[in-house]
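Listing of data_32.tsv; format and content: TSV, C-alpha atoms and all ligand atoms.
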chain	number	residue	atom	x	y	z
A	4	MET	CA	-11.34	-31.12	14.58
A	5	ASN	CA	-12.38	-28.83	11.77
A	6	ALA	CA	-10.00	-28.39	8.85
A	7	PRO	CA	-8.63	-24.82	8.60
A	8	ARG	CA	-10.94	-22.71	6.50
A	9	PRO	CA	-9.55	-21.80	3.10
A	10	VAL	CA	-8.25	-18.27	2.71
A	11	PRO	CA	-10.01	-16.06	2.06
A	12	VAL	CA	-13.69	-16.92	1.80
A	13	SER	CA	-15.45	-14.40	-0.45
A	14	PRO	CA	-18.99	-14.36	-1.81
A	15	VAL	CA	-19.64	-14.47	-5.54
A	16	SER	CA	-19.17	-10.94	-6.85
A	17	VAL	CA	-21.56	-8.99	-9.07
A	18	THR	CA	-18.93	-9.07	-11.82
A	19	ALA	CA	-18.47	-12.87	-11.70
A	20	HIS	CA	-17.69	-14.33	-15.16
A	21	ALA	CA	-17.65	-10.82	-16.68
A	22	VAL	CA	-14.42	-9.72	-15.01
A	23	LEU	CA	-11.64	-12.29	-14.78
A	24	HIS	CA	-9.00	-9.94	-13.37
A	25	SER	CA	-9.60	-6.62	-11.61
A	26	ALA	CA	-7.26	-4.82	-14.06
A	27	ASP	CA	-9.73	-5.63	-16.84
A	28	PHE	CA	-11.87	-2.63	-15.85
A	29	LEU	CA	-9.63	-0.49	-18.05
A	30	HIS	CA	-9.76	-2.82	-21.07
A	31	ALA	CA	-12.67	-1.16	-22.91
A	32	GLN	CA	-11.13	2.32	-22.87
A	33	LEU	CA	-7.73	0.93	-23.73
A	34	ARG	CA	-9.20	-0.68	-26.84
A	35	ALA	CA	-11.38	2.32	-27.73
A	36	THR	CA	-8.53	4.83	-27.46
A	37	ARG	CA	-5.78	2.50	-28.78
A	38	ARG	CA	-3.31	3.78	-26.20
A	39	ASP	CA	-0.16	1.85	-25.47
A	40	ARG	CA	0.57	3.60	-22.18
A	41	VAL	CA	-1.44	3.86	-18.98
A	42	VAL	CA	-0.83	6.11	-16.00
A	43	LEU	CA	-2.50	5.06	-12.78
A	44	HIS	CA	-3.30	7.94	-10.44
A	45	ALA	CA	-3.46	7.38	-6.68
A	46	GLY	CA	-3.18	9.51	-3.58
A	47	VAL	CA	-0.83	9.78	-0.64
A	48	GLN	CA	-1.74	11.48	2.64
A	49	ILE	CA	0.99	13.30	4.53
A	50	ASN	CA	-1.10	14.27	7.58
A	51	GLY	CA	0.37	11.48	9.69
A	52	ALA	CA	1.86	8.02	9.20
A	53	PRO	CA	-0.12	5.82	6.79
A	54	HIS	CA	-2.26	2.99	8.13
A	55	LEU	CA	-2.63	-0.40	6.49
A	56	GLY	CA	-5.62	0.63	4.39
A	57	THR	CA	-3.62	3.35	2.67
A	58	ASN	CA	-0.66	1.06	2.02
A	59	VAL	CA	-2.94	-1.72	0.69
A	60	MET	CA	-4.40	0.71	-1.87
A	61	GLN	CA	-0.94	1.89	-2.92
A	62	THR	CA	0.46	-1.64	-3.18
A	63	ALA	CA	-2.55	-2.71	-5.24
A	64	ALA	CA	-1.90	0.27	-7.55
A	65	PHE	CA	1.59	-1.06	-8.33
A	66	GLN	CA	0.22	-4.58	-8.84
A	67	LEU	CA	-2.68	-3.43	-11.04
A	68	ALA	CA	-0.22	-1.43	-13.16
A	69	ALA	CA	1.95	-4.53	-13.54
A	70	ALA	CA	-1.15	-6.60	-14.39
A	71	ALA	CA	-2.11	-4.08	-17.09
A	72	ARG	CA	1.35	-4.50	-18.63
A	73	GLU	CA	1.04	-8.28	-18.52
A	74	ARG	CA	-2.53	-8.53	-19.80
A	75	PHE	CA	-2.60	-5.74	-22.41
A	76	GLY	CA	1.05	-5.18	-23.31
A	77	VAL	CA	0.86	-1.51	-22.29
A	78	GLU	CA	3.63	0.46	-20.66
A	79	PRO	CA	2.45	1.39	-17.16
A	80	GLY	CA	3.32	4.31	-14.93
A	81	LEU	CA	2.10	5.34	-11.52
A	82	ARG	CA	1.58	8.89	-10.33
A	83	PHE	CA	0.91	9.62	-6.69
A	84	GLY	CA	-0.65	12.92	-5.71
A	85	ALA	CA	0.57	14.06	-2.28
A	86	LEU	CA	-2.15	15.95	-0.44
A	87	ASP	CA	-0.07	18.76	1.06
A	88	ASN	CA	-3.25	20.86	1.03
A	89	SER	CA	-4.57	18.88	4.03
A	90	PRO	CA	-5.15	21.07	7.07
A	91	CYS	CA	-2.18	21.22	9.45
A	92	GLU	CA	-3.55	23.76	11.95
A	93	THR	CA	-7.03	25.16	12.61
A	94	ARG	CA	-8.30	28.27	14.42
A	95	ALA	CA	-11.78	29.69	15.02
A	96	CYS	CA	-12.72	33.34	14.77
A	97	PRO	CA	-13.58	34.37	18.37
A	98	ASP	CA	-16.51	36.51	17.18
A	99	THR	CA	-18.22	34.43	14.50
A	100	GLY	CA	-16.86	30.91	15.17
A	101	SER	CA	-15.85	30.72	11.51
A	102	LEU	CA	-13.02	28.20	11.07
A	103	TYR	CA	-9.70	29.04	9.50
A	104	GLU	CA	-6.98	26.57	8.61
A	105	ARG	CA	-3.46	26.44	7.31
A	106	SER	CA	-2.37	23.59	5.04
A	107	PHE	CA	0.75	21.47	5.48
A	108	ARG	CA	2.21	23.35	2.52
A	109	HIS	CA	1.61	26.73	4.11
A	110	ALA	CA	2.45	25.73	7.67
A	111	LEU	CA	5.56	23.65	6.95
A	112	GLY	CA	6.85	24.79	3.56
A	113	GLU	CA	7.88	22.85	0.51
A	114	SER	CA	11.05	21.15	1.75
A	115	ARG	CA	9.45	19.82	4.95
A	116	VAL	CA	6.55	18.44	2.87
A	117	ARG	CA	9.07	16.71	0.62
A	118	GLU	CA	10.69	15.19	3.73
A	119	LEU	CA	7.34	13.87	4.98
A	120	VAL	CA	6.60	12.24	1.63
A	121	ARG	CA	10.02	10.61	1.70
A	122	LEU	CA	9.63	9.54	5.33
A	123	TYR	CA	6.19	7.92	4.92
A	124	TYR	CA	6.42	6.53	1.40
A	125	GLY	CA	9.90	6.79	-0.14
A	126	ALA	CA	11.45	3.49	0.94
A	127	LEU	CA	8.20	1.53	0.57
A	128	PHE	CA	7.48	2.82	-2.94
A	129	ASP	CA	11.06	2.08	-3.99
A	130	GLU	CA	10.62	-1.53	-2.82
A	131	LEU	CA	7.23	-1.89	-4.53
A	132	SER	CA	8.55	-0.33	-7.72
A	133	ALA	CA	11.56	-2.67	-7.77
A	134	ALA	CA	9.35	-5.72	-7.14
A	135	THR	CA	6.77	-4.87	-9.84
A	136	GLY	CA	8.97	-3.05	-12.36
A	137	VAL	CA	6.48	-0.16	-12.39
A	138	PRO	CA	8.04	3.33	-12.29
A	139	TYR	CA	6.36	5.92	-10.08
A	140	GLU	CA	6.47	9.61	-9.35
A	141	VAL	CA	5.04	11.72	-6.56
A	142	GLU	CA	3.63	15.17	-7.24
A	143	THR	CA	2.30	17.47	-4.53
A	144	TYR	CA	-1.10	19.09	-4.84
A	145	THR	CA	0.73	22.42	-4.62
A	146	HIS	CA	2.57	21.57	-7.82
A	147	GLN	CA	-0.50	20.13	-9.54
A	148	GLN	CA	-2.60	23.23	-8.93
A	149	SER	CA	0.19	25.52	-10.16
A	150	ARG	CA	0.03	24.14	-13.68
A	151	VAL	CA	-1.62	26.04	-16.53
A	152	ALA	CA	-3.89	23.09	-17.40
A	153	PHE	CA	-5.18	22.93	-13.82
A	154	ARG	CA	-6.01	26.64	-13.85
A	155	GLU	CA	-7.75	26.36	-17.23
A	156	GLU	CA	-9.85	23.45	-15.97
A	157	PHE	CA	-10.63	25.31	-12.74
A	158	LEU	CA	-11.82	28.33	-14.74
A	159	ALA	CA	-13.85	26.04	-17.02
A	160	SER	CA	-15.50	24.47	-13.96
A	161	LEU	CA	-16.48	27.95	-12.70
A	162	GLY	CA	-18.14	28.58	-16.06
A	163	MET	CA	-20.21	25.41	-15.64
A	164	MET	CA	-20.86	25.85	-11.94
A	165	ASP	CA	-24.61	26.40	-12.31
A	166	THR	CA	-24.83	22.74	-13.38
A	167	LEU	CA	-21.86	21.31	-11.51
A	168	ARG	CA	-22.82	22.70	-8.09
A	169	TRP	CA	-25.81	20.32	-7.75
A	170	ILE	CA	-23.63	17.35	-8.69
A	171	LEU	CA	-20.59	18.21	-6.58
A	172	ALA	CA	-22.80	19.24	-3.63
A	173	PRO	CA	-26.23	17.66	-4.22
A	174	SER	CA	-27.68	18.72	-0.87
A	175	THR	CA	-26.67	22.37	-0.71
A	176	GLY	CA	-25.37	23.39	-4.11
A	177	MET	CA	-22.52	25.08	-2.26
A	178	VAL	CA	-19.06	24.50	-3.76
A	179	PRO	CA	-16.79	26.90	-1.89
A	180	VAL	CA	-13.34	27.82	-3.13
A	181	SER	CA	-10.63	28.99	-0.75
A	182	PHE	CA	-7.53	31.07	-1.30
A	183	PRO	CA	-4.87	31.37	1.42
A	184	CYS	CA	-4.16	34.88	2.59
A	185	PRO	CA	-1.14	36.12	0.62
A	186	ARG	CA	0.42	37.45	3.84
A	187	CYS	CA	0.02	34.53	6.29
A	188	GLY	CA	-1.23	31.48	4.37
A	189	TRP	CA	-4.38	30.96	6.48
A	190	SER	CA	-7.68	30.50	4.68
A	191	GLN	CA	-11.29	30.21	5.69
A	192	LYS	CA	-12.14	26.49	5.91
A	193	TYR	CA	-15.64	26.69	4.41
A	194	GLY	CA	-15.07	29.86	2.39
A	195	GLU	CA	-18.28	31.43	3.65
A	196	ASP	CA	-16.86	34.92	3.13
A	197	THR	CA	-15.14	34.14	-0.18
A	198	GLU	CA	-16.99	35.82	-3.00
A	199	LEU	CA	-16.71	35.33	-6.73
A	200	LEU	CA	-16.66	38.85	-8.20
A	201	SER	CA	-16.25	38.02	-11.87
A	202	ALA	CA	-15.27	35.08	-14.06
A	203	ASP	CA	-14.79	34.20	-17.70
A	204	ALA	CA	-12.84	31.52	-19.54
A	205	GLY	CA	-9.53	33.33	-19.01
A	206	GLU	CA	-9.78	34.96	-15.61
A	207	ALA	CA	-11.65	34.96	-12.31
A	208	ARG	CA	-11.57	37.48	-9.49
A	209	PHE	CA	-12.48	36.63	-5.90
A	210	ALA	CA	-12.64	38.52	-2.63
A	211	ALA	CA	-11.71	36.64	0.56
A	212	VAL	CA	-11.23	37.44	4.23
A	213	CYS	CA	-8.32	36.68	6.57
A	214	LEU	CA	-8.77	36.51	10.32
A	215	ASP	CA	-5.72	38.73	10.90
A	216	HIS	CA	-5.36	40.71	7.69
A	217	GLY	CA	-8.92	41.44	6.61
A	218	LYS	CA	-10.25	41.45	3.08
A	219	TYR	CA	-8.02	40.62	0.09
A	220	LEU	CA	-8.58	40.23	-3.64
A	221	VAL	CA	-7.44	37.21	-5.62
A	222	ASP	CA	-7.07	36.96	-9.39
A	223	VAL	CA	-6.82	33.58	-11.09
A	224	THR	CA	-5.63	33.32	-14.67
A	225	PRO	CA	-3.83	30.40	-16.34
A	226	ASP	CA	-0.54	32.16	-15.55
A	227	THR	CA	-0.98	33.52	-12.01
A	228	ASP	CA	0.54	31.65	-9.09
A	229	THR	CA	-2.47	32.11	-6.77
A	230	TYR	CA	-2.91	28.98	-4.64
A	231	ILE	CA	-6.30	27.37	-5.36
A	232	GLY	CA	-8.03	25.44	-2.56
A	233	LEU	CA	-11.01	23.31	-3.60
A	234	THR	CA	-13.47	20.94	-1.93
A	235	THR	CA	-12.62	17.24	-2.23
A	236	LEU	CA	-14.97	16.43	-5.12
A	237	HIS	CA	-14.28	19.67	-7.02
A	238	ARG	CA	-10.52	19.13	-6.63
A	239	ASN	CA	-10.76	15.57	-7.90
A	240	LEU	CA	-12.89	16.62	-10.86
A	241	VAL	CA	-10.35	19.25	-11.91
A	242	LYS	CA	-7.43	16.83	-11.38
A	243	GLU	CA	-9.13	14.16	-13.49
A	244	ARG	CA	-9.96	16.68	-16.22
A	245	VAL	CA	-6.28	17.64	-16.31
A	246	ALA	CA	-5.20	13.98	-16.40
A	247	ALA	CA	-7.60	13.32	-19.29
A	248	ARG	CA	-5.93	15.92	-21.51
A	249	GLU	CA	-2.37	14.93	-20.70
A	250	GLY	CA	-0.09	13.22	-23.17
A	251	ASP	CA	-0.59	9.90	-24.84
A	252	ALA	CA	-1.31	7.74	-21.79
A	253	LEU	CA	-4.73	6.56	-20.66
A	254	PRO	CA	-5.36	7.93	-17.15
A	255	VAL	CA	-6.74	5.37	-14.68
A	256	ILE	CA	-7.96	6.41	-11.23
A	257	VAL	CA	-7.13	4.09	-8.31
A	258	LYS	CA	-8.94	4.67	-5.02
A	259	GLY	CA	-10.13	2.76	-1.99
A	260	ALA	CA	-13.61	1.29	-2.43
A	261	ASP	CA	-15.00	3.82	0.07
A	262	TRP	CA	-14.65	6.32	-2.78
A	263	ALA	CA	-17.29	4.60	-4.95
A	264	PRO	CA	-20.21	6.93	-4.00
A	265	GLY	CA	-18.04	10.01	-4.52
A	266	CYS	CA	-16.81	8.70	-7.87
A	267	ARG	CA	-20.43	8.24	-8.92
A	268	LEU	CA	-20.75	12.03	-8.58
A	269	LEU	CA	-17.43	12.65	-10.34
A	270	ASP	CA	-18.60	10.54	-13.29
A	271	GLU	CA	-21.83	12.52	-13.47
A	272	ALA	CA	-19.88	15.79	-13.34
A	273	PHE	CA	-17.55	14.55	-16.07
A	274	LEU	CA	-20.50	13.82	-18.35
A	275	CYS	CA	-21.52	17.51	-18.21
A	276	TYR	CA	-18.51	18.34	-20.40
A	277	PRO	CA	-19.35	17.92	-24.10
A	278	GLY	CA	-17.88	14.68	-25.45
A	279	ALA	CA	-16.01	13.86	-22.23
A	280	VAL	CA	-15.57	10.26	-21.08
A	281	PRO	CA	-14.85	9.64	-17.37
A	282	PRO	CA	-11.57	7.82	-16.76
A	283	PRO	CA	-11.57	4.10	-15.89
A	284	ARG	CA	-11.66	3.56	-12.14
A	285	LEU	CA	-10.11	0.77	-10.10
A	286	PHE	CA	-11.41	0.41	-6.55
A	287	THR	CA	-9.20	-1.37	-4.02
A	288	PRO	CA	-10.28	-3.28	-0.89
A	289	VAL	CA	-10.66	-1.21	2.27
A	290	VAL	CA	-9.26	-2.36	5.59
A	291	LEU	CA	-11.89	-2.34	8.32
A	292	SER	CA	-12.08	-2.30	12.09
A	293	ASP	CA	-14.23	-4.94	13.79
A	294	SER	CA	-17.35	-2.79	13.52
A	295	GLY	CA	-16.99	-2.62	9.73
A	296	ALA	CA	-15.87	1.02	9.70
A	297	LYS	CA	-12.79	1.58	7.56
A	298	LEU	CA	-9.56	2.45	9.31
A	299	SER	CA	-9.47	6.19	9.62
A	300	LYS	CA	-6.87	8.50	11.10
A	301	THR	CA	-9.62	10.49	12.80
A	302	LEU	CA	-11.23	7.47	14.50
A	303	LEU	CA	-7.80	6.16	15.53
A	304	ARG	CA	-6.89	9.53	17.00
A	305	GLU	CA	-10.21	9.78	18.82
A	306	GLY	CA	-9.87	6.22	20.11
A	307	THR	CA	-13.30	5.35	18.65
A	308	ALA	CA	-12.05	2.76	16.13
A	309	ASP	CA	-13.38	-0.64	17.22
A	310	LEU	CA	-10.26	-2.76	16.95
A	311	SER	CA	-9.88	-6.47	17.63
A	312	ALA	CA	-7.07	-7.86	19.77
A	313	GLU	CA	-5.44	-9.23	16.60
A	314	THR	CA	-4.86	-5.69	15.30
A	315	GLU	CA	-1.11	-5.11	15.26
A	316	PRO	CA	0.28	-1.62	15.98
A	317	TRP	CA	1.84	-1.48	12.49
A	318	MET	CA	-1.60	-1.93	10.91
A	319	LEU	CA	-2.55	1.44	12.38
A	320	ASP	CA	0.80	3.15	11.91
A	321	ALA	CA	3.14	1.74	9.28
A	322	THR	CA	6.16	3.32	11.00
A	323	ALA	CA	5.59	0.86	13.90
A	324	TRP	CA	6.65	-2.08	11.65
A	325	THR	CA	9.64	-3.63	13.39
A	326	GLY	CA	11.05	-5.61	10.45
A	327	THR	CA	12.86	-4.29	7.40
A	328	MET	CA	11.14	-2.25	4.69
A	329	ALA	CA	11.74	-5.17	2.29
A	330	GLU	CA	9.80	-7.44	4.66
A	331	TYR	CA	6.97	-4.92	4.94
A	332	ALA	CA	6.76	-4.61	1.16
A	333	HIS	CA	6.83	-8.41	0.85
A	334	THR	CA	3.92	-8.70	3.31
A	335	LEU	CA	1.90	-6.07	1.43
A	336	LEU	CA	2.64	-7.69	-1.93
A	337	GLY	CA	1.57	-11.08	-0.56
A	338	LEU	CA	-1.70	-9.62	0.67
A	339	GLY	CA	-2.22	-7.77	-2.60
A	340	ALA	CA	-1.53	-10.88	-4.68
A	341	LEU	CA	-4.07	-12.81	-2.64
A	342	MET	CA	-6.70	-10.08	-3.03
A	343	LEU	CA	-6.03	-9.86	-6.77
A	344	SER	CA	-6.04	-13.62	-7.30
A	345	GLU	CA	-9.78	-13.43	-7.99
A	346	PRO	CA	-12.06	-10.38	-8.45
A	347	ARG	CA	-14.31	-11.73	-5.69
A	348	HIS	CA	-11.38	-11.33	-3.26
A	349	PHE	CA	-10.74	-7.81	-4.53
A	350	GLU	CA	-14.31	-6.51	-4.49
A	351	ARG	CA	-14.71	-6.69	-0.72
A	352	GLY	CA	-13.20	-5.34	2.52
A	353	TYR	CA	-10.92	-6.98	5.08
A	354	THR	CA	-10.99	-6.49	8.84
A	355	THR	CA	-7.66	-6.15	10.61
A	356	ARG	CA	-8.53	-9.47	12.30
A	357	GLU	CA	-8.85	-11.16	8.89
A	358	VAL	CA	-5.63	-9.57	7.65
A	359	ALA	CA	-3.85	-10.96	10.72
A	360	ARG	CA	-5.31	-14.40	9.99
A	361	LEU	CA	-4.25	-14.31	6.33
A	362	ILE	CA	-0.73	-13.30	7.29
A	363	ALA	CA	-0.57	-16.04	9.95
A	364	GLN	CA	-1.58	-18.62	7.30
A	365	GLY	CA	1.14	-17.41	4.96
A	366	PHE	CA	-1.50	-16.07	2.52
A	367	GLY	CA	-2.62	-19.56	1.48
A	368	PRO	CA	-2.07	-21.35	-1.81
A	369	ALA	CA	-4.04	-18.81	-3.86
A	370	ALA	CA	-1.52	-16.02	-3.36
A	371	GLY	CA	1.27	-17.34	-5.55
A	372	PRO	CA	4.60	-15.53	-5.75
A	373	ALA	CA	4.57	-11.96	-4.48
A	401	ZN	ZN	-3.55	36.78	6.66
Rewritten as structure tokens:
Amino acid sequence: MNAPRPVPVSPVSVTAHAVLHSADFLHAQLRATRRDRVVLHAGVQINGAPHLGTNVMQTAAFQLAAAARERFGVEPGLRFGALDNSPCETRACPDTGSLYERSFRHALGESRVRELVRLYYGALFDELSAATGVPYEVETYTHQQSRVAFREEFLASLGMMDTLRWILAPSTGMVPVSFPCPRCGWSQKYGEDTELLSADAGEARFAAVCLDHGKYLVDVTPDTDTYIGLTTLHRNLVKERVAAREGDALPVIVKGADWAPGCRLLDEAFLCYPGAVPPPRLFTPVVLSDSGAKLSKTLLREGTADLSAETEPWMLDATAWTGTMAEYAHTLLGLGALMLSEPRHFERGYTTREVARLIAQGFGPAAGPA
């Protein structure tokens, strides 16, 4: 009989011998900027219950923050951005086929969004925070975009758009902006009828069209409360520019490894700003179906995710976990500790089948205490 295979088996990584712990990716900037605080930035989706991939990224964020404290003596914090700008409902114009959508924020309102964040993440984050000693906060996109710094960076990005458009949208050069109708909160998904009328460093004026209420004008200044809807890459660029100018902490961006190609573009966009240095990035392992596609809410909803028999319902929908929240957090921390035990285990993906195997083997000797 064959001996059980050690867990996990990972190939030698590109960073072998250069990176001893995955938190070391922020070491150079920490030294260069002499900061004694770091804030890790990560995202939370509220458009449905999180799947395992999302929770693995978030757990790793807590553990990487704790590792930064241990390895560099810095005070860590964790800031989650809740994407309440995700589309909640969609309609098509019967004449043109143009798509309109209403975000969770506009469809459900602020207090219902807060409830969703608490429902999907509150208890888990409290457990992870208690276990790692890393404090966290959650801020909605709605709140982020309302800040003066966000508006200033948005206006600055408009001023540089002739350059940025071919980085943020290399194929088309189209970087649409959308503004919800002030009367109903619906906005055109691809902003094809949104027009920039004028812009300078302190103000921009747009015209947009609502399916029900026709044309409306929108003014953006650092002080207006106009809601700003941006494409994914543009939004992340502005958010990272805001994080870079905030306070005395070094901002560190934590994302699933599927974000690496997009972050390549964000780095290039960042370098267009005179003297700007892109923030350090930490990429976390993605959780994959059997075909190698990452778990995705869309594929799960469509039934096109290729899932092995070992895939547990809670891996697809965390609310299906039947144990206590403390047990769930313990399982995630065990997985995270195993993945972080060597960079080669962190710089790879895991199928749900492999996750089930690792859990069944009690994470193996490499995991250590959670
Ligand atoms: Zn309207």
Taking 4 positions as the minimum chain separation for residues in the same chain, which residues sit within 6 Å of Leu291 of chain A when counting all atoms listed in the file? Answer as a PyMOL selection string. chain A and resi 295-298+353-354
Can you write out the residues you just picked, keeping C-alpha atoms, as a PDB file, in the coordinates of the input?
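The new file result-v2.pdb reads:
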ATOM      1  CA  GLY A 295     -16.990  -2.620   9.730  1.00  0.00           C
ATOM      2  CA  ALA A 296     -15.870   1.020   9.700  1.00  0.00           C
ATOM      3  CA  LYS A 297     -12.790   1.580   7.560  1.00  0.00           C
ATOM      4  CA  LEU A 298      -9.560   2.450   9.310  1.00  0.00           C
ATOM      5  CA  TYR A 353     -10.920  -6.980   5.080  1.00  0.00           C
ATOM      6  CA  THR A 354     -10.990  -6.490   8.840  1.00  0.00           C
TER       7      THR A 354
END
Mind dumping a table of every chain A residue within 9 Å of ligand ZN 401 (chain A), with the nearest atom pair and its distance in Å to one decimal, using all atoms listed in the file, sorted by chain and rising number, as a tab-separated table?
residue	atom	partner	partner_atom	distance
A:Pro183	CA	A:ZN401	ZN	7.6
A:Cys184	CA	A:ZN401	ZN	4.5
A:Pro185	CA	A:ZN401	ZN	6.5
A:Arg186	CA	A:ZN401	ZN	4.9
A:Cys187	CA	A:ZN401	ZN	4.2
A:Gly188	CA	A:ZN401	ZN	6.2
A:Trp189	CA	A:ZN401	ZN	5.9
A:Ser190	CA	A:ZN401	ZN	7.8
A:Val212	CA	A:ZN401	ZN	8.1
A:Cys213	CA	A:ZN401	ZN	4.8
A:Leu214	CA	A:ZN401	ZN	6.4
A:Asp215	CA	A:ZN401	ZN	5.1
A:His216	CA	A:ZN401	ZN	4.4
A:Gly217	CA	A:ZN401	ZN	7.1
A:Lys218	CA	A:ZN401	ZN	8.9
A:Tyr219	CA	A:ZN401	ZN	8.8
To box segment 240-244 of chain A, take all atoms listed in the file, fit an axis-aligned box, add 4 Å on each side, and give centre and edge lengths in Å to one decimal, as AutoDock Vina command-line options.
--center_x -10.2 --center_y 16.7 --center_z -13.5 --size_x 13.5 --size_y 13.1 --size_z 13.4
Any idea what the distance is between atom CA of Phe83 of chain A and atom CA of His44 of chain A? 5.9 Å
Determine, counting only C-alpha atoms, which protein, DNA and RNA residues have an atom within 12 Å of an atom of Arg121 of chain A; residues of the same chain fewer than 6 positions away are not included. Present the result as a tab-separated table (two decimals) with C-alpha atoms, in the coordinates of the input.
chain	number	residue	atom	x	y	z
A	47	VAL	CA	-0.83	9.78	-0.64
A	48	GLN	CA	-1.74	11.48	2.64
A	49	ILE	CA	0.99	13.30	4.53
A	52	ALA	CA	1.86	8.02	9.20
A	85	ALA	CA	0.57	14.06	-2.28
A	114	SER	CA	11.05	21.15	1.75
A	115	ARG	CA	9.45	19.82	4.95
A	127	LEU	CA	8.20	1.53	0.57
A	128	PHE	CA	7.48	2.82	-2.94
A	129	ASP	CA	11.06	2.08	-3.99
A	140	GLU	CA	6.47	9.61	-9.35
A	141	VAL	CA	5.04	11.72	-6.56
A	142	GLU	CA	3.63	15.17	-7.24
